[in-house]
file data-v7.cif (mmCIF, C-alpha atoms)
data_my_file
#
loop_
_atom_site.group_PDB
_atom_site.id
_atom_site.type_symbol
_atom_site.label_atom_id
_atom_site.label_comp_id
_atom_site.auth_asym_id
_atom_site.auth_seq_id
_atom_site.Cartn_x
_atom_site.Cartn_y
_atom_site.Cartn_z
ATOM 1 C CA MET A 19 -4.336 124.596 19.437
ATOM 2 C CA LYS A 20 -8.091 124.536 20.132
ATOM 3 C CA ASP A 21 -8.729 126.566 16.961
ATOM 4 C CA THR A 22 -6.885 123.932 14.915
ATOM 5 C CA LYS A 23 -8.930 121.145 16.462
ATOM 6 C CA GLN A 24 -12.175 122.996 15.740
ATOM 7 C CA LYS A 25 -11.041 123.709 12.197
ATOM 8 C CA ILE A 26 -10.427 119.985 11.664
ATOM 9 C CA ILE A 27 -13.807 119.090 13.171
ATOM 10 C CA HIS A 28 -15.708 121.591 11.022
ATOM 11 C CA SER A 29 -13.807 120.518 7.897
ATOM 12 C CA ALA A 30 -14.674 116.900 8.652
ATOM 13 C CA ILE A 31 -18.354 117.799 9.139
ATOM 14 C CA THR A 32 -18.377 119.498 5.742
ATOM 15 C CA LEU A 33 -16.730 116.534 4.019
ATOM 16 C CA LEU A 34 -18.799 113.901 5.820
ATOM 17 C CA LYS A 35 -21.967 115.609 4.564
ATOM 18 C CA GLN A 36 -20.750 114.858 1.041
ATOM 19 C CA ASN A 37 -19.107 111.488 1.602
ATOM 20 C CA LEU A 38 -19.211 109.345 4.718
ATOM 21 C CA ASN A 39 -16.157 107.464 3.453
ATOM 22 C CA CYS A 40 -13.938 110.530 3.089
ATOM 23 C CA SER A 41 -10.382 109.884 4.185
ATOM 24 C CA LEU A 42 -8.316 111.533 6.890
ATOM 25 C CA GLU A 43 -6.101 112.790 4.080
ATOM 26 C CA GLU A 44 -9.064 114.608 2.523
ATOM 27 C CA ILE A 45 -10.043 116.016 5.907
ATOM 28 C CA SER A 46 -6.518 117.275 6.609
ATOM 29 C CA LYS A 47 -6.409 118.929 3.161
ATOM 30 C CA LYS A 48 -9.773 120.590 3.713
ATOM 31 C CA ALA A 49 -8.634 121.832 7.142
ATOM 32 C CA LYS A 50 -5.294 122.925 5.660
ATOM 33 C CA VAL A 51 -3.307 120.973 8.245
ATOM 34 C CA SER A 52 -0.849 118.117 7.931
ATOM 35 C CA ARG A 53 -1.853 114.528 8.696
ATOM 36 C CA ARG A 54 0.566 114.704 11.600
ATOM 37 C CA THR A 55 -1.320 117.689 13.060
ATOM 38 C CA LEU A 56 -4.606 115.868 12.557
ATOM 39 C CA HIS A 57 -3.253 112.825 14.418
ATOM 40 C CA ARG A 58 -1.976 115.049 17.211
ATOM 41 C CA HIS A 59 -5.617 115.915 17.927
ATOM 42 C CA PHE A 60 -7.349 112.654 16.981
ATOM 43 C CA LYS A 61 -6.297 109.007 17.238
ATOM 44 C CA GLY A 62 -8.065 108.187 13.993
ATOM 45 C CA LYS A 63 -11.303 108.654 12.079
ATOM 46 C CA GLU A 64 -13.406 106.981 14.800
ATOM 47 C CA ASP A 65 -12.072 109.408 17.406
ATOM 48 C CA LEU A 66 -12.731 112.327 15.065
ATOM 49 C CA ILE A 67 -16.323 111.212 14.479
ATOM 50 C CA VAL A 68 -16.892 110.881 18.238
ATOM 51 C CA GLN A 69 -15.612 114.457 18.641
ATOM 52 C CA ILE A 70 -17.891 115.599 15.815
ATOM 53 C CA PHE A 71 -20.879 114.091 17.626
ATOM 54 C CA GLU A 72 -19.844 115.936 20.777
ATOM 55 C CA THR A 73 -19.495 119.219 18.866
ATOM 56 C CA VAL A 74 -22.802 118.862 17.008
ATOM 57 C CA GLY A 75 -24.522 117.733 20.221
ATOM 58 C CA ASN A 76 -23.283 120.815 22.047
ATOM 59 C CA GLU A 77 -24.367 123.077 19.190
ATOM 60 C CA TYR A 78 -27.766 121.381 19.142
ATOM 61 C CA ILE A 79 -28.338 121.744 22.871
ATOM 62 C CA GLU A 80 -27.377 125.424 22.734
ATOM 63 C CA GLY A 81 -30.044 126.114 20.095
ATOM 64 C CA PHE A 82 -32.528 123.804 21.806
ATOM 65 C CA LEU A 83 -32.148 125.571 25.158
ATOM 66 C CA SER A 84 -32.473 128.934 23.457
ATOM 67 C CA ILE A 85 -35.831 127.877 22.001
ATOM 68 C CA ILE A 86 -37.241 126.391 25.203
ATOM 69 C CA GLY A 87 -35.908 129.341 27.202
ATOM 70 C CA ALA A 88 -37.879 131.845 25.134
ATOM 71 C CA ASP A 89 -41.046 133.077 26.790
ATOM 72 C CA LYS A 90 -43.541 131.309 24.543
ATOM 73 C CA ASN A 91 -46.437 128.943 25.042
ATOM 74 C CA ALA A 92 -45.928 125.203 24.588
ATOM 75 C CA ILE A 93 -47.405 125.113 21.078
ATOM 76 C CA ASP A 94 -45.191 127.920 19.764
ATOM 77 C CA THR A 95 -42.178 126.337 21.454
ATOM 78 C CA LEU A 96 -42.897 122.947 19.907
ATOM 79 C CA GLU A 97 -43.398 124.475 16.462
ATOM 80 C CA LYS A 98 -40.007 126.223 16.753
ATOM 81 C CA LEU A 99 -38.410 122.966 17.922
ATOM 82 C CA LEU A 100 -39.877 121.111 14.961
ATOM 83 C CA GLN A 101 -38.394 123.692 12.587
ATOM 84 C CA TYR A 102 -35.082 123.494 14.435
ATOM 85 C CA ASP A 103 -34.987 119.686 14.543
ATOM 86 C CA LEU A 104 -35.721 119.316 10.832
ATOM 87 C CA GLY A 105 -33.162 122.016 10.033
ATOM 88 C CA ILE A 106 -30.442 120.328 12.090
ATOM 89 C CA ILE A 107 -31.208 116.908 10.649
ATOM 90 C CA SER A 108 -31.186 118.161 7.069
ATOM 91 C CA ASN A 109 -27.916 120.037 7.681
ATOM 92 C CA HIS A 110 -26.274 117.016 9.311
ATOM 93 C CA ASN A 111 -27.855 114.238 7.290
ATOM 94 C CA THR A 112 -24.853 111.908 7.401
ATOM 95 C CA LEU A 113 -24.429 112.264 11.156
ATOM 96 C CA TYR A 114 -28.131 111.690 11.641
ATOM 97 C CA SER A 115 -27.861 108.450 9.657
ATOM 98 C CA LEU A 116 -24.972 107.285 11.840
ATOM 99 C CA TYR A 117 -26.939 108.172 14.970
ATOM 100 C CA LYS A 118 -30.122 106.527 13.726
ATOM 101 C CA HIS A 119 -28.284 103.278 13.063
ATOM 102 C CA LYS A 120 -26.804 103.450 16.581
ATOM 103 C CA LYS A 121 -23.284 103.467 15.208
ATOM 104 C CA TYR A 122 -22.522 106.598 17.236
ATOM 105 C CA ILE A 123 -24.467 108.210 20.033
ATOM 106 C CA PHE A 124 -24.658 111.609 21.620
ATOM 107 C CA ASP A 125 -23.816 112.125 25.268
ATOM 108 C CA GLU A 126 -26.344 110.152 27.331
ATOM 109 C CA GLU A 127 -26.848 112.927 29.913
ATOM 110 C CA LEU A 128 -27.504 115.368 27.082
ATOM 111 C CA MET A 129 -30.127 113.062 25.556
ATOM 112 C CA ILE A 130 -31.847 112.591 28.927
ATOM 113 C CA LYS A 131 -32.020 116.380 29.417
ATOM 114 C CA ILE A 132 -33.509 116.858 25.957
ATOM 115 C CA ASP A 133 -36.070 114.078 26.527
ATOM 116 C CA GLN A 134 -37.087 115.632 29.863
ATOM 117 C CA GLU A 135 -37.624 119.000 28.203
ATOM 118 C CA TYR A 136 -39.793 117.441 25.486
ATOM 119 C CA ILE A 137 -41.837 115.591 28.119
ATOM 120 C CA GLU A 138 -42.384 118.897 29.955
ATOM 121 C CA ILE A 139 -43.595 120.552 26.731
ATOM 122 C CA PHE A 140 -45.909 117.616 25.981
ATOM 123 C CA ASN A 141 -47.239 117.755 29.564
ATOM 124 C CA GLN A 142 -48.052 121.447 29.083
ATOM 125 C CA ILE A 143 -49.860 120.695 25.820
ATOM 126 C CA ILE A 144 -51.967 118.059 27.581
ATOM 127 C CA LYS A 145 -52.558 120.200 30.695
ATOM 128 C CA LYS A 146 -53.751 123.175 28.634
ATOM 129 C CA LYS A 147 -56.013 120.842 26.636
ATOM 130 C CA TYR A 148 -54.384 121.694 23.313
ATOM 131 C CA CYS A 149 -54.764 118.057 22.306
ATOM 132 C CA ASP A 150 -56.885 114.970 22.619
ATOM 133 C CA GLN A 151 -56.850 114.258 26.363
ATOM 134 C CA SER A 152 -56.370 110.530 25.886
ATOM 135 C CA LEU A 153 -52.825 111.168 24.639
ATOM 136 C CA THR A 154 -49.865 110.827 26.988
ATOM 137 C CA PRO A 155 -46.498 112.620 26.795
ATOM 138 C CA LYS A 156 -44.979 109.331 25.641
ATOM 139 C CA TRP A 157 -47.448 109.059 22.743
ATOM 140 C CA LEU A 158 -47.027 112.713 21.795
ATOM 141 C CA GLY A 159 -43.254 112.210 21.806
ATOM 142 C CA ALA A 160 -43.441 109.081 19.667
ATOM 143 C CA PHE A 161 -45.747 110.844 17.192
ATOM 144 C CA TYR A 162 -43.549 113.951 17.094
ATOM 145 C CA HIS A 163 -40.362 111.959 16.511
ATOM 146 C CA SER A 164 -41.967 109.767 13.841
ATOM 147 C CA LEU A 165 -43.010 112.931 12.003
ATOM 148 C CA ILE A 166 -39.468 114.308 12.300
ATOM 149 C CA GLU A 167 -38.272 111.086 10.649
ATOM 150 C CA LEU A 168 -40.925 111.468 7.924
ATOM 151 C CA GLY A 169 -39.819 115.063 7.360
ATOM 152 C CA HIS A 170 -36.191 113.998 7.155
ATOM 153 C CA ASN A 171 -37.074 111.388 4.521
ATOM 154 C CA GLN A 172 -39.113 113.860 2.489
ATOM 155 C CA ILE A 173 -36.338 116.454 2.534
ATOM 156 C CA ASN A 174 -33.937 113.733 1.344
ATOM 157 C CA LEU A 175 -36.324 113.008 -1.525
ATOM 158 C CA GLY A 176 -36.054 116.637 -2.611
ATOM 159 C CA ILE A 177 -39.135 118.204 -1.037
ATOM 160 C CA ASP A 178 -38.515 121.860 -0.225
ATOM 161 C CA LYS A 179 -37.448 122.110 3.418
ATOM 162 C CA GLU A 180 -39.800 124.979 4.300
ATOM 163 C CA GLU A 181 -42.753 123.262 2.619
ATOM 164 C CA CYS A 182 -41.885 120.054 4.445
ATOM 165 C CA ILE A 183 -41.690 121.815 7.817
ATOM 166 C CA GLN A 184 -45.132 123.341 7.251
ATOM 167 C CA MET A 185 -46.642 119.994 6.241
ATOM 168 C CA ILE A 186 -45.092 118.142 9.189
ATOM 169 C CA TRP A 187 -46.396 120.772 11.600
ATOM 170 C CA THR A 188 -49.872 120.509 10.048
ATOM 171 C CA LEU A 189 -49.760 116.715 10.352
ATOM 172 C CA PHE A 190 -48.688 116.967 13.996
ATOM 173 C CA TRP A 191 -51.297 119.540 14.938
ATOM 174 C CA ASN A 192 -54.119 117.725 13.145
ATOM 175 C CA GLY A 193 -52.960 114.384 14.514
ATOM 176 C CA ILE A 194 -53.034 115.414 18.167
ATOM 177 C CA ASN A 195 -56.510 116.832 17.754
ATOM 178 C CA SER A 196 -57.943 113.913 15.767
ATOM 179 C CA LYS A 197 -60.452 112.740 18.390
ATOM 180 C CA LYS A 198 -62.422 116.004 18.114
ATOM 181 C CA ARG A 199 -62.681 115.645 14.327
ATOM 182 C CA TYR A 200 -63.440 111.913 14.589
ATOM 183 C CA SER A 201 -66.278 112.543 17.067
ATOM 184 C CA ALA A 202 -67.769 115.155 14.747
ATOM 185 C CA LEU A 203 -67.856 112.642 11.892
ATOM 186 C CA GLN A 204 -69.934 110.098 13.819
#
call {"tool": "encode", "arguments": {"input": "data-v7.cif", "output": "structure tokens"}}
result
Amino acid sequence: MKDTKQKIIHSAITLLKQNLNCSLEEISKKAKVSRRTLHRHFKGKEDLIVQIFETVGNEYIEGFLSIIGADKNAIDTLEKLLQYDLGIISNHNTLYSLYKHKKYIFDEELMIKIDQEYIEIFNQIIKKKYCDQSLTPKWLGAFYHSLIELGHNQINLGIDKEECIQMIWTLFWNGINSKKRYSALQ
């Protein structure tokens, strides 16, 4: 029973990547189940999308925790997270759009845990003086997330994902160290 539900969810994810307006009929065909079976697991498309967000959120947190659990310094960890975040967003572009427009949200406790982990990484970067010391974790987070959004937009415009990841990392790294360069110019 759980395998069928997961099969429906993963089929829906695949179809939603191509067309946000795909029908339950198309999803049931892709999953190779009847509409009746689909409705046994989900009340409707809204319920299915909520379950998709839960599934993708759980998959995201698993990868996220794996990265922050690795024995690396804060800079290496953040670089891996940037690669991971841009990869997830480009693989789940439609879901990201729904999330960004606040139509659907991930589990609030999950989002709080992720935010706390980012704040800890940004605190380490500040503490170890890897960045301009006038920056706060909140500013580093806002800058990081704005660059993730920029990367997402560039990938959507057809920029090679690996090239984009490298450029976004360069922009982040140079941006957090800008005061040193600015002082040298004066």
call {"tool": "axis_aligned_box", "arguments": {"input": "data-v7.cif", "around": "stretch 161-174 of chain A", "padding_each_side": "6 Å", "output": "lines of an AutoDock Vina configuration file"}}
result
center_x = -39.8
center_y = 113.1
center_z = 9.3
size_x = 23.8
size_y = 18.7
size_z = 27.8
call {"tool": "closest_residue", "arguments": {"input": "data-v7.cif", "among": "A:Tyr162, A:Phe124, A:Tyr78, A:Trp191", "to": "A:Ile107", "atoms": "all atoms listed in the file"}}
result
A:Tyr78
call {"tool": "residues_around", "arguments": {"input": "data-v7.cif", "residues": "A:Met185", "least_positions_apart": "4", "cutoff": "12 Å", "atoms": "only C-alpha atoms", "output": "VMD selection string"}}
result
chain A and resid 97 100 to 101 104 165 to 166 168 to 169 172 to 173 177 to 181 189 to 193
call {"tool": "resolve_selection", "arguments": {"input": "data-v7.cif", "expression": "the PyMOL selection byres ((chain A and resi 158) around 10)", "output": "PDB file with C-alpha atoms, keeping the file's coordinate frame"}}
result
ATOM      1  CA  TYR A 136     -39.793 117.441  25.486  1.00  0.00           C
ATOM      2  CA  ILE A 137     -41.837 115.591  28.119  1.00  0.00           C
ATOM      3  CA  ILE A 139     -43.595 120.552  26.731  1.00  0.00           C
ATOM      4  CA  PHE A 140     -45.909 117.616  25.981  1.00  0.00           C
ATOM      5  CA  ASN A 141     -47.239 117.755  29.564  1.00  0.00           C
ATOM      6  CA  ILE A 143     -49.860 120.695  25.820  1.00  0.00           C
ATOM      7  CA  ILE A 144     -51.967 118.059  27.581  1.00  0.00           C
ATOM      8  CA  CYS A 149     -54.764 118.057  22.306  1.00  0.00           C
ATOM      9  CA  LEU A 153     -52.825 111.168  24.639  1.00  0.00           C
ATOM     10  CA  THR A 154     -49.865 110.827  26.988  1.00  0.00           C
ATOM     11  CA  PRO A 155     -46.498 112.620  26.795  1.00  0.00           C
ATOM     12  CA  LYS A 156     -44.979 109.331  25.641  1.00  0.00           C
ATOM     13  CA  TRP A 157     -47.448 109.059  22.743  1.00  0.00           C
ATOM     14  CA  GLY A 159     -43.254 112.210  21.806  1.00  0.00           C
ATOM     15  CA  ALA A 160     -43.441 109.081  19.667  1.00  0.00           C
ATOM     16  CA  PHE A 161     -45.747 110.844  17.192  1.00  0.00           C
ATOM     17  CA  TYR A 162     -43.549 113.951  17.094  1.00  0.00           C
ATOM     18  CA  HIS A 163     -40.362 111.959  16.511  1.00  0.00           C
ATOM     19  CA  SER A 164     -41.967 109.767  13.841  1.00  0.00           C
ATOM     20  CA  PHE A 190     -48.688 116.967  13.996  1.00  0.00           C
ATOM     21  CA  GLY A 193     -52.960 114.384  14.514  1.00  0.00           C
ATOM     22  CA  ILE A 194     -53.034 115.414  18.167  1.00  0.00           C
TER      23      ILE A 194
END
call {"tool": "residues_around", "arguments": {"input": "data-v7.cif", "residues": "A:Glu135", "least_positions_apart": "6", "cutoff": "10 Å", "atoms": "only C-alpha atoms", "output": "count of residues only"}}
result
5
call {"tool": "atom_distance", "arguments": {"input": "data-v7.cif", "atom1": "atom CA of A:Gly75", "atom2": "atom CA of A:Lys131"}}
result
11.9 Å
call {"tool": "residues_around", "arguments": {"input": "data-v7.cif", "residues": "A:Ile45", "least_positions_apart": "3", "cutoff": "8 Å", "atoms": "all atoms listed in the file", "output": "list of chain:residue names"}}
result
A:Ile26, A:Ser29, A:Ala30, A:Leu33, A:Cys40, A:Ser41, A:Leu42, A:Lys48, A:Ala49
call {"tool": "resolve_selection", "arguments": {"input": "data-v7.cif", "expression": "the PyMOL selection byres ((chain A and resi 109) around 12)", "output": "list in words"}}
result
Ile31, Thr32, Leu34, Lys35, Gln36, Val74, Tyr78, Tyr102, Asp103, Leu104, Gly105, Ile106, Ile107, Ser108, His110, Asn111, Thr112, Leu113, Tyr114, Ser115, His170, Ile173, Asn174 and Lys179 of chain A
call {"tool": "atom_distance", "arguments": {"input": "data-v7.cif", "atom1": "atom CA of A:Ile79", "atom2": "atom CA of A:Ile132"}}
result
7.8 Å
call {"tool": "atom_distance", "arguments": {"input": "data-v7.cif", "atom1": "atom CA of A:Thr55", "atom2": "atom CA of A:Phe71"}}
result
20.4 Å
call {"tool": "closest_residue", "arguments": {"input": "data-v7.cif", "among": "A:Lys98, A:Gln134, A:Ile93, A:Asn171", "to": "A:Lys147", "atoms": "all atoms listed in the file"}}
result
A:Ile93
call {"tool": "closest_residue", "arguments": {"input": "data-v7.cif", "among": "A:Val51, A:Leu56, A:Leu38, A:Val68", "to": "A:Asp125", "atoms": "only C-alpha atoms"}}
result
A:Val68
call {"tool": "residues_around", "arguments": {"input": "data-v7.cif", "residues": "A:Glu43", "least_positions_apart": "3", "cutoff": "7 Å", "atoms": "all atoms listed in the file", "output": "PDB file with C-alpha atoms, keeping the file's coordinate frame"}}
result
ATOM      1  CA  SER A  46      -6.518 117.275   6.609  1.00  0.00           C
ATOM      2  CA  LYS A  47      -6.409 118.929   3.161  1.00  0.00           C
ATOM      3  CA  ARG A  53      -1.853 114.528   8.696  1.00  0.00           C
TER       4      ARG A  53
END
